[in-house]
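J.: Contents of protein29.cif (mmCIF, C-alpha atoms and all ligand atoms):
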```cif
data_model
loop_
_atom_site.group_PDB
_atom_site.id
_atom_site.type_symbol
_atom_site.label_atom_id
_atom_site.label_comp_id
_atom_site.auth_asym_id
_atom_site.auth_seq_id
_atom_site.Cartn_x
_atom_site.Cartn_y
_atom_site.Cartn_z
ATOM 1 C CA MET R 1 64.338 -51.102 0.788
ATOM 2 C CA SER R 2 61.099 -51.088 -1.156
ATOM 3 C CA ILE R 3 57.896 -52.886 -0.345
ATOM 4 C CA PHE R 4 55.358 -53.027 -3.116
ATOM 5 C CA GLY R 5 56.993 -49.959 -4.663
ATOM 6 C CA VAL R 6 57.069 -47.979 -1.406
ATOM 7 C CA ASP R 7 60.376 -47.005 0.213
ATOM 8 C CA CYS R 8 60.826 -48.447 3.667
ATOM 9 C CA VAL R 9 63.215 -48.284 6.584
ATOM 10 C CA SER R 10 66.055 -50.719 6.280
ATOM 11 C CA SER R 11 68.219 -49.716 9.222
ATOM 12 C CA ASP R 12 68.355 -47.624 12.370
ATOM 13 C CA LYS R 13 69.919 -44.822 10.345
ATOM 14 C CA ASP R 14 66.738 -44.319 8.355
ATOM 15 C CA LEU R 15 64.531 -43.548 11.292
ATOM 16 C CA PHE R 16 62.689 -40.725 9.628
ATOM 17 C CA TRP R 17 60.975 -40.592 6.313
ATOM 18 C CA ARG R 18 63.144 -38.873 3.799
ATOM 19 C CA GLY R 19 62.082 -35.324 3.084
ATOM 20 C CA GLN R 20 59.572 -35.185 5.945
ATOM 21 C CA PRO R 21 60.007 -32.416 8.507
ATOM 22 C CA GLN R 22 60.280 -33.248 12.188
ATOM 23 C CA VAL R 23 57.676 -31.381 14.157
ATOM 24 C CA ARG R 24 56.009 -32.559 17.368
ATOM 25 C CA ASN R 25 56.290 -35.801 19.303
ATOM 26 C CA SER R 26 52.878 -35.357 20.838
ATOM 27 C CA ASP R 27 50.940 -35.787 17.617
ATOM 28 C CA LEU R 28 51.481 -39.489 17.550
ATOM 29 C CA ASP R 29 51.623 -41.894 20.412
ATOM 30 C CA CYS R 30 53.484 -44.816 18.935
ATOM 31 C CA SER R 31 52.790 -47.126 21.846
ATOM 32 C CA CYS R 32 50.628 -49.912 20.530
ATOM 33 C CA GLY R 33 47.080 -49.020 19.615
ATOM 34 C CA LYS R 34 47.054 -45.505 21.035
ATOM 35 C CA ALA R 35 46.635 -42.988 18.305
ATOM 36 C CA THR R 36 46.125 -39.765 20.172
ATOM 37 C CA SER R 37 45.049 -37.664 17.267
ATOM 38 C CA LEU R 38 44.481 -37.671 13.583
ATOM 39 C CA MET R 39 47.589 -36.697 11.761
ATOM 40 C CA THR R 40 48.546 -35.029 8.537
ATOM 41 C CA ALA R 41 51.569 -36.239 6.615
ATOM 42 C CA ASP R 42 53.390 -32.957 6.835
ATOM 43 C CA LEU R 43 53.022 -32.249 10.519
ATOM 44 C CA VAL R 44 53.939 -35.346 12.418
ATOM 45 C CA GLU R 45 57.287 -36.642 13.473
ATOM 46 C CA LYS R 46 57.704 -40.163 12.190
ATOM 47 C CA LYS R 47 58.395 -42.786 14.826
ATOM 48 C CA LEU R 48 59.742 -45.957 13.386
ATOM 49 C CA ILE R 49 60.791 -49.176 15.026
ATOM 50 C CA THR R 50 63.535 -51.528 13.931
ATOM 51 C CA THR R 51 63.811 -55.271 14.244
ATOM 52 C CA THR R 52 66.810 -54.728 16.546
ATOM 53 C CA GLN R 53 64.466 -53.119 19.055
ATOM 54 C CA LEU R 54 62.263 -56.200 18.972
ATOM 55 C CA ARG R 55 64.960 -58.813 19.544
ATOM 56 C CA ASP R 56 64.311 -58.999 23.291
ATOM 57 C CA ASN R 57 60.566 -59.081 22.877
ATOM 58 C CA VAL R 58 59.026 -59.453 19.433
ATOM 59 C CA PHE R 59 55.604 -58.812 20.974
ATOM 60 C CA LYS R 60 56.529 -55.456 22.488
ATOM 61 C CA TYR R 61 53.920 -53.711 20.321
ATOM 62 C CA THR R 62 51.369 -56.515 20.314
ATOM 63 C CA LYS R 63 48.170 -56.174 22.285
ATOM 64 C CA ARG R 64 46.375 -59.141 20.850
ATOM 65 C CA VAL R 65 47.091 -62.336 18.957
ATOM 66 C CA SER R 66 44.066 -63.884 17.244
ATOM 67 C CA ILE R 67 44.272 -67.459 16.076
ATOM 68 C CA GLU R 68 41.563 -68.332 13.570
ATOM 69 C CA LEU R 69 40.936 -71.983 14.370
ATOM 70 C CA SER R 70 39.013 -72.717 11.171
ATOM 71 C CA ASN R 71 36.689 -71.149 8.618
ATOM 72 C CA LEU R 72 33.667 -72.726 10.258
ATOM 73 C CA CYS R 73 30.748 -70.749 11.630
ATOM 74 C CA ASN R 74 27.195 -71.930 12.139
ATOM 75 C CA TYR R 75 25.881 -68.566 10.851
ATOM 76 C CA ALA R 76 27.968 -68.512 7.656
ATOM 77 C CA GLY R 77 25.051 -69.630 5.491
ATOM 78 C CA LEU R 78 22.715 -67.025 6.989
ATOM 79 C CA HIS R 79 24.956 -63.978 6.851
ATOM 80 C CA LYS R 80 25.454 -63.258 3.183
ATOM 81 C CA LYS R 81 27.598 -60.229 3.954
ATOM 82 C CA CYS R 82 30.121 -62.324 5.851
ATOM 83 C CA PRO R 83 33.174 -63.475 3.850
ATOM 84 C CA LEU R 84 32.644 -67.012 5.167
ATOM 85 C CA SER R 85 29.388 -67.211 3.210
ATOM 86 C CA LEU R 86 31.505 -67.377 0.026
ATOM 87 C CA GLU R 87 33.576 -70.338 1.145
ATOM 88 C CA ASN R 88 32.695 -73.901 0.257
ATOM 89 C CA GLN R 89 35.732 -75.755 1.527
ATOM 90 C CA HIS R 90 36.238 -76.469 5.205
ATOM 91 C CA ILE R 91 39.654 -75.436 6.495
ATOM 92 C CA ILE R 92 40.856 -76.276 10.000
ATOM 93 C CA LEU R 93 44.069 -74.908 11.457
ATOM 94 C CA SER R 94 46.219 -77.740 12.733
ATOM 95 C CA LYS R 95 46.831 -78.198 16.437
ATOM 96 C CA LYS R 96 50.543 -78.194 15.624
ATOM 97 C CA VAL R 97 50.397 -74.608 14.328
ATOM 98 C CA VAL R 98 48.192 -73.416 17.197
ATOM 99 C CA GLN R 99 50.591 -74.867 19.756
ATOM 100 C CA LYS R 100 53.588 -73.489 17.879
ATOM 101 C CA VAL R 101 52.105 -69.982 18.158
ATOM 102 C CA LEU R 102 51.320 -70.428 21.854
ATOM 103 C CA ASP R 103 54.815 -71.833 22.504
ATOM 104 C CA CYS R 104 56.274 -68.763 20.834
ATOM 105 C CA LEU R 105 54.123 -66.427 22.926
ATOM 106 C CA GLY R 106 55.220 -68.350 26.000
ATOM 107 C CA ARG R 107 58.913 -67.837 25.208
ATOM 108 C CA TYR R 108 58.320 -64.074 25.507
ATOM 109 C CA ASN R 109 55.970 -64.338 28.517
ATOM 110 C CA PHE R 110 53.241 -62.689 26.478
ATOM 111 C CA GLU R 111 50.939 -60.625 28.701
ATOM 112 C CA GLY R 112 48.448 -59.412 26.117
ATOM 113 C CA THR R 113 45.230 -60.939 24.863
ATOM 114 C CA ILE R 114 44.994 -64.297 23.125
ATOM 115 C CA ALA R 115 41.846 -64.991 21.094
ATOM 116 C CA PHE R 116 40.722 -67.950 19.014
ATOM 117 C CA HIS R 117 38.574 -66.269 16.413
ATOM 118 C CA THR R 118 38.687 -64.088 13.346
ATOM 119 C CA TYR R 119 35.871 -65.179 11.051
ATOM 120 C CA ASN R 120 35.259 -68.553 12.718
ATOM 121 C CA GLU R 121 32.950 -69.348 15.609
ATOM 122 C CA PRO R 122 35.310 -70.600 18.343
ATOM 123 C CA LEU R 123 32.671 -72.340 20.465
ATOM 124 C CA ILE R 124 31.993 -74.946 17.778
ATOM 125 C CA ASP R 125 35.588 -76.111 17.790
ATOM 126 C CA PRO R 126 35.914 -79.253 19.966
ATOM 127 C CA ARG R 127 39.570 -78.366 20.625
ATOM 128 C CA LEU R 128 38.834 -74.968 22.192
ATOM 129 C CA PHE R 129 39.042 -76.040 25.852
ATOM 130 C CA SER R 130 42.381 -77.767 25.321
ATOM 131 C CA PHE R 131 43.770 -74.703 23.509
ATOM 132 C CA VAL R 132 42.627 -72.426 26.343
ATOM 133 C CA CYS R 133 44.387 -74.715 28.851
ATOM 134 C CA TYR R 134 47.529 -74.781 26.721
ATOM 135 C CA ALA R 135 47.515 -70.995 26.372
ATOM 136 C CA LYS R 136 47.125 -70.534 30.138
ATOM 137 C CA GLU R 137 49.952 -72.972 30.773
ATOM 138 C CA LYS R 138 52.335 -71.272 28.335
ATOM 139 C CA CYS R 139 51.292 -67.651 28.970
ATOM 140 C CA PRO R 140 49.881 -67.463 32.515
ATOM 141 C CA GLN R 141 49.928 -63.658 32.464
ATOM 142 C CA SER R 142 47.907 -63.373 29.256
ATOM 143 C CA CYS R 143 44.192 -62.728 29.026
ATOM 144 C CA ILE R 144 42.250 -65.319 27.063
ATOM 145 C CA MET R 145 39.381 -63.748 25.197
ATOM 146 C CA ILE R 146 36.431 -65.586 23.699
ATOM 147 C CA MET R 147 34.421 -63.805 21.018
ATOM 148 C CA SER R 148 31.369 -65.696 19.834
ATOM 149 C CA ASN R 149 28.026 -65.272 18.092
ATOM 150 C CA GLY R 150 26.518 -66.713 21.264
ATOM 151 C CA TYR R 151 24.412 -69.433 19.651
ATOM 152 C CA TYR R 152 25.915 -72.169 21.814
ATOM 153 C CA PHE R 153 26.667 -69.987 24.816
ATOM 154 C CA ASN R 154 24.775 -70.712 28.024
ATOM 155 C CA GLN R 155 25.285 -70.721 31.797
ATOM 156 C CA THR R 156 27.093 -74.093 31.856
ATOM 157 C CA LEU R 157 29.551 -73.054 29.182
ATOM 158 C CA ALA R 158 30.062 -69.663 30.842
ATOM 159 C CA ASP R 159 30.913 -71.295 34.190
ATOM 160 C CA GLU R 160 33.295 -73.780 32.617
ATOM 161 C CA LEU R 161 35.120 -71.183 30.522
ATOM 162 C CA VAL R 162 35.615 -69.005 33.591
ATOM 163 C CA GLU R 163 36.837 -72.009 35.593
ATOM 164 C CA LEU R 164 39.322 -72.748 32.820
ATOM 165 C CA GLY R 165 40.849 -69.286 33.139
ATOM 166 C CA VAL R 166 39.219 -67.340 30.295
ATOM 167 C CA GLY R 167 39.582 -63.624 31.042
ATOM 168 C CA SER R 168 36.830 -61.988 28.983
ATOM 169 C CA ILE R 169 33.846 -62.979 26.859
ATOM 170 C CA TYR R 170 32.375 -60.930 24.021
ATOM 171 C CA ILE R 171 29.153 -61.995 22.386
ATOM 172 C CA THR R 172 27.812 -60.526 19.181
ATOM 173 C CA THR R 173 24.068 -61.053 19.028
ATOM 174 C CA TYR R 174 21.699 -61.143 16.109
ATOM 175 C CA GLY R 175 18.121 -60.588 17.317
ATOM 176 C CA GLN R 176 16.314 -59.313 20.379
ATOM 177 C CA ARG R 177 15.377 -62.715 21.819
ATOM 178 C CA GLU R 178 18.955 -63.923 21.693
ATOM 179 C CA HIS R 179 20.074 -60.698 23.310
ATOM 180 C CA GLU R 180 17.599 -61.167 26.167
ATOM 181 C CA ARG R 181 18.588 -64.807 26.678
ATOM 182 C CA LEU R 182 22.288 -63.993 26.743
ATOM 183 C CA SER R 183 21.755 -61.045 29.096
ATOM 184 C CA LYS R 184 20.491 -63.412 31.789
ATOM 185 C CA ILE R 185 23.706 -65.421 31.903
ATOM 186 C CA LYS R 186 25.850 -64.616 34.934
ATOM 187 C CA VAL R 187 29.529 -64.299 34.163
ATOM 188 C CA ASP R 188 32.184 -63.413 36.754
ATOM 189 C CA ILE R 189 34.617 -61.894 34.274
ATOM 190 C CA PRO R 190 34.188 -58.993 31.833
ATOM 191 C CA TYR R 191 31.192 -60.002 29.689
ATOM 192 C CA VAL R 192 30.069 -57.829 26.799
ATOM 193 C CA ILE R 193 27.036 -58.403 24.624
ATOM 194 C CA GLN R 194 26.928 -56.306 21.525
ATOM 195 C CA GLU R 195 24.592 -56.115 18.576
ATOM 196 C CA GLY R 196 26.023 -57.650 15.427
ATOM 197 C CA ILE R 197 26.231 -55.326 12.459
ATOM 198 C CA LEU R 198 27.442 -56.765 9.189
ATOM 199 C CA ASP R 199 29.371 -54.144 7.252
ATOM 200 C CA ASP R 200 30.232 -54.132 3.545
ATOM 201 C CA ARG R 201 33.762 -55.542 3.853
ATOM 202 C CA LEU R 202 32.996 -57.942 1.027
ATOM 203 C CA ASN R 203 33.355 -54.959 -1.298
ATOM 204 C CA LEU R 204 36.436 -53.535 0.371
ATOM 205 C CA TYR R 205 38.802 -54.619 -2.386
ATOM 206 C CA CYS R 206 36.826 -52.925 -5.145
ATOM 207 C CA ARG R 207 35.573 -49.901 -3.203
ATOM 208 C CA LYS R 208 36.334 -46.715 -5.052
ATOM 209 C CA HIS R 209 38.809 -44.479 -3.303
ATOM 210 C CA SER R 210 37.213 -41.187 -2.282
ATOM 211 C CA GLY R 211 40.257 -39.291 -3.552
ATOM 212 C CA GLN R 212 40.831 -37.807 -0.102
ATOM 213 C CA GLU R 213 44.020 -39.189 1.471
ATOM 214 C CA ASN R 214 43.559 -40.807 4.874
ATOM 215 C CA TYR R 215 46.594 -40.312 7.120
ATOM 216 C CA ARG R 216 45.180 -41.930 10.240
ATOM 217 C CA PRO R 217 47.738 -44.269 11.765
ATOM 218 C CA CYS R 218 46.861 -47.935 11.954
ATOM 219 C CA TYR R 219 48.785 -50.316 14.198
ATOM 220 C CA ALA R 220 47.209 -53.545 13.009
ATOM 221 C CA PRO R 221 50.137 -55.556 11.633
ATOM 222 C CA LEU R 222 51.963 -55.837 14.976
ATOM 223 C CA GLY R 223 49.290 -54.479 17.301
ATOM 224 C CA GLU R 224 46.839 -57.271 16.538
ATOM 225 C CA ILE R 225 48.537 -60.256 15.018
ATOM 226 C CA ILE R 226 46.166 -62.394 12.983
ATOM 227 C CA ILE R 227 46.986 -66.044 12.372
ATOM 228 C CA ALA R 228 44.640 -67.158 9.613
ATOM 229 C CA ARG R 229 43.073 -70.608 9.320
ATOM 230 C CA ASP R 230 45.635 -71.551 6.660
ATOM 231 C CA GLY R 231 48.555 -70.822 9.020
ATOM 232 C CA ARG R 232 49.575 -67.564 7.382
ATOM 233 C CA VAL R 233 50.139 -64.344 9.295
ATOM 234 C CA ASN R 234 47.678 -61.851 7.920
ATOM 235 C CA LEU R 235 47.810 -58.059 7.562
ATOM 236 C CA CYS R 236 44.644 -57.575 9.609
ATOM 237 C CA CYS R 237 41.182 -59.005 10.131
ATOM 238 C CA LEU R 238 39.728 -56.935 7.285
ATOM 239 C CA ASP R 239 41.980 -58.573 4.703
ATOM 240 C CA TRP R 240 39.604 -61.519 4.374
ATOM 241 C CA LYS R 241 41.051 -62.578 1.011
ATOM 242 C CA ARG R 242 44.454 -62.756 2.706
ATOM 243 C CA GLU R 243 46.100 -60.781 -0.053
ATOM 244 C CA HIS R 244 48.766 -59.360 2.260
ATOM 245 C CA CYS R 245 50.336 -62.136 4.290
ATOM 246 C CA PHE R 246 53.750 -62.124 5.937
ATOM 247 C CA GLY R 247 54.664 -65.761 6.338
ATOM 248 C CA ASP R 248 53.425 -69.302 6.785
ATOM 249 C CA LEU R 249 53.583 -70.858 10.239
ATOM 250 C CA HIS R 250 53.588 -74.351 8.801
ATOM 251 C CA THR R 251 57.198 -73.736 7.838
ATOM 252 C CA GLU R 252 58.269 -70.731 9.935
ATOM 253 C CA ASN R 253 58.141 -69.577 13.546
ATOM 254 C CA LEU R 254 56.099 -66.524 14.448
ATOM 255 C CA GLU R 255 59.112 -64.610 15.784
ATOM 256 C CA ASP R 256 60.994 -65.243 12.515
ATOM 257 C CA VAL R 257 58.034 -63.988 10.509
ATOM 258 C CA ILE R 258 57.955 -60.813 12.616
ATOM 259 C CA LEU R 259 61.693 -60.222 12.406
ATOM 260 C CA GLN R 260 62.447 -61.389 8.890
ATOM 261 C CA SER R 261 59.381 -60.612 6.777
ATOM 262 C CA GLU R 262 58.106 -57.188 5.741
ATOM 263 C CA MET R 263 55.844 -57.031 8.780
ATOM 264 C CA VAL R 264 57.810 -54.423 10.731
ATOM 265 C CA ASN R 265 58.218 -52.224 7.680
ATOM 266 C CA VAL R 266 54.520 -52.388 6.918
ATOM 267 C CA TYR R 267 53.815 -51.568 10.571
ATOM 268 C CA ASN R 268 56.106 -48.547 10.314
ATOM 269 C CA LEU R 269 54.351 -47.331 7.216
ATOM 270 C CA LEU R 270 50.824 -47.788 8.517
ATOM 271 C CA SER R 271 51.526 -46.542 12.023
ATOM 272 C CA ASN R 272 52.804 -43.337 10.449
ATOM 273 C CA GLY R 273 49.708 -42.872 8.361
ATOM 274 C CA LYS R 274 51.120 -44.157 5.099
ATOM 275 C CA ARG R 275 48.347 -46.374 3.743
ATOM 276 C CA ILE R 276 50.213 -48.288 1.100
ATOM 277 C CA PHE R 277 47.673 -50.951 0.224
ATOM 278 C CA ASN R 278 44.438 -50.237 -1.562
ATOM 279 C CA ILE R 279 42.508 -52.056 1.139
ATOM 280 C CA CYS R 280 44.030 -49.693 3.733
ATOM 281 C CA LYS R 281 43.110 -46.646 1.668
ATOM 282 C CA ALA R 282 39.529 -47.892 1.439
ATOM 283 C CA CYS R 283 38.916 -49.292 4.920
ATOM 284 C CA GLY R 284 38.606 -46.119 6.980
ATOM 285 C CA TRP R 285 39.532 -48.130 10.067
ATOM 286 C CA SER R 286 42.377 -47.698 12.471
ATOM 287 C CA ARG R 287 43.231 -50.742 14.580
HETATM 288 S S1 LIG Y 1 44.428 -49.589 7.562
HETATM 289 FE FE1 LIG Y 1 42.559 -50.873 7.565
HETATM 290 S S2 LIG Y 1 42.964 -52.548 6.125
HETATM 291 FE FE2 LIG Y 1 44.934 -51.566 6.596
HETATM 292 S S3 LIG Y 1 45.790 -52.771 8.264
HETATM 293 FE FE3 LIG Y 1 44.658 -51.079 9.193
HETATM 294 S S4 LIG Y 1 42.586 -51.868 9.582
HETATM 295 FE FE4 LIG Y 1 43.593 -53.248 8.127
#
```
Produce structure tokens that represent the structure in this file.

T.:
Amino acid sequence: MSIFGVDCVSSDKDLFWRGQPQVRNSDLDCSCGKATSLMTADLVEKKLITTTQLRDNVFKYTKRVSIELSNLCNYAGLHKKCPLSLENQHIILSKKVVQKVLDCLGRYNFEGTIAFHTYNEPLIDPRLFSFVCYAKEKCPQSCIMIMSNGYYFNQTLADELVELGVGSIYITTYGQREHERLSKIKVDIPYVIQEGILDDRLNLYCRKHSGQENYRPCYAPLGEIIIARDGRVNLCCLDWKREHCFGDLHTENLEDVILQSEMVNVYNLLSNGKRIFNICKACGWSR
């Protein structure tokens, strides 16, 4: 099977890349999100998963599912380096799709993290509390994470989110005064305040490749599933143009997208250090 011109695994028989030597298991920890070392293409045994292995639990390798509730953020106009600053149409993900994703996670008793952001600000969405409740009802063992720019965050909201069952809160701050204000809020769950740094991801698609191959494994496609505001399942959070999507949840179920699209094959490629897309060659990240 070929994805975008790259040969991929099509069955259990093809568990190793053709022509690649088997060397050591220890070079690559294939459990989700745990790359134990940098790897070179010639030295590492390739560990590939098949859709058959996922039939019992399609989220076996998934640590986090992020549902981007909209493309709305109160800082979009201020942060010119943020992809949202380029958007002039408001897009809101329908409740039907959000619930469909949470229902699917519930069917597999998902125990990882559920978040409601990617580029949006979740605290401005009036539906957030009801989605948190729905997620807790469907996936009681999961950890609900809120990541926010903190503009609307205060003690009242902190108390109510904790009462609702949110498991962790991450705030990205922009400015010393905001940082000091947010530091005074008492939160009884993991609460992290970090300084916001806007990187140059806007230029990621046209960044010149250094010429040096990057073989670092990335586990993003299954490790952190991104549901974009248009209902499509995205490659990763960096793919802000959504050039590499796996399916549309308006018409498909998440488990079908995982099992029937190219998602697992792309995961196998990236998790074995084969950066097939230009964005992956340029990003330098490993999720
Ligand atoms: S290699 Fe970079 S761009 Fe590609 S999936 Fe991973 S984080 Fe995203």

J.: Find the residues near Asp200 in chain R: any atom within 12 Å, counting all atoms listed in the file, skip ones fewer than 3 places away on the same chain, and give them as a list in words.

T.: His79, Lys80, Lys81, Cys82, Pro83, Ile197, Asn203, Leu204, Tyr205, Cys206, Arg207, Leu238, Trp240, Ala282 and Cys283 of chain R

J.: Kindly save the residues from that selection, with C-alpha atoms included, as a short mmCIF file (atom, residue, chain, number, x, y, z; two decimals), in the coordinates of the input.

T.:
```cif
data_model
loop_
_atom_site.label_atom_id
_atom_site.label_comp_id
_atom_site.auth_asym_id
_atom_site.auth_seq_id
_atom_site.Cartn_x
_atom_site.Cartn_y
_atom_site.Cartn_z
CA HIS R 79 24.96 -63.98 6.85
CA LYS R 80 25.45 -63.26 3.18
CA LYS R 81 27.60 -60.23 3.95
CA CYS R 82 30.12 -62.32 5.85
CA PRO R 83 33.17 -63.48 3.85
CA ILE R 197 26.23 -55.33 12.46
CA ASN R 203 33.35 -54.96 -1.30
CA LEU R 204 36.44 -53.54 0.37
CA TYR R 205 38.80 -54.62 -2.39
CA CYS R 206 36.83 -52.92 -5.14
CA ARG R 207 35.57 -49.90 -3.20
CA LEU R 238 39.73 -56.94 7.28
CA TRP R 240 39.60 -61.52 4.37
CA ALA R 282 39.53 -47.89 1.44
CA CYS R 283 38.92 -49.29 4.92
#
```

J.: My list of candidates is R:Val264, R:Ile226, R:Leu259, R:Leu123. Which is closest to Lys63 in chain R when distances are computed with only C-alpha atoms?

T.: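 The answer is R:Ile226, which sits nearest to Lys63 in chain R.
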
J.: On this file, the PyMOL selection byres (((chain R and resi 118) around 12) and not hetatm) gives some set of residues; write that set as a ChimeraX atom specification.

T.: /R:64-73,82-84,114-117,119-122,145-149,224-229,234,236-240

J.: Take the PyMOL selection byres (((not hetatm)) within 10 of (chain Y and resi 1)), apply it to the structure above, and return the hits as JSON, numbers by chain.

T.: {"R": [201, 204, 205, 214, 215, 216, 217, 218, 219, 220, 221, 222, 223, 224, 234, 235, 236, 237, 238, 239, 240, 244, 266, 267, 270, 271, 273, 274, 275, 276, 277, 278, 279, 280, 281, 282, 283, 284, 285, 286, 287]}

J.: Just give me the gap between CA of His250 in chain R and CA of Leu102 in chain R in Å, one decimal is fine.

T.: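 About the pair CA of His250 in chain R and CA of Leu102 in chain R: they are 13.8 Å apart.
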
J.: So, counting all atoms listed in the file, which residue among R:Asn109, R:Ser94, R:Asn74, R:Asn265 is closest to Cys143 in chain R?

T.: R:Asn109

J.: Measuring atom to atom with only C-alpha atoms, identify which of R:Lys100, R:Leu93, R:Glu137, R:Asn272 is nearest to Asp125 in chain R.

T.: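 The shortest atom-to-atom distance to Asp125 in chain R comes from R:Leu93.
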
J.: Pick the closest to Phe110 in chain R from R:Tyr134, R:Tyr75, R:Tyr152, R:Phe59: which is it, counting only C-alpha atoms?

T.: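 Using only C-alpha atoms, the shortest distance to Phe110 in chain R belongs to R:Phe59.
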
J.: Which one of R:Val166, R:Leu202, R:Cys133, R:Leu105 sits closest to Ile189 in chain R if you count all atoms listed in the file?

T.: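 Nearest candidate to Ile189 in chain R out of R:Val166, R:Leu202, R:Cys133, R:Leu105: R:Val166.
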
J.: CA of Tyr191 in chain R and CA of Leu157 in chain R are how many Å apart?

T.: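 According to the coordinates, CA of Tyr191 in chain R and CA of Leu157 in chain R are separated by 13.2 Å.
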
J.: Rounded to one decimal place, report the CA of Val192 in chain R-CA of Cys104 in chain R distance in Å.

T.: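 Distance between the two atoms: 29.0 Å.
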
J.: First collect every listed atom of range 248-261 of chain R; then fit an axis-aligned box around them, widen it by 8 Å on each side, and give centre and edge lengths in Å to one decimal, as JSON.

T.:
```
{"center_x": 57.9, "center_y": -67.3, "center_z": 11.3, "size_x": 25.0, "size_y": 30.1, "size_z": 25.0}
```
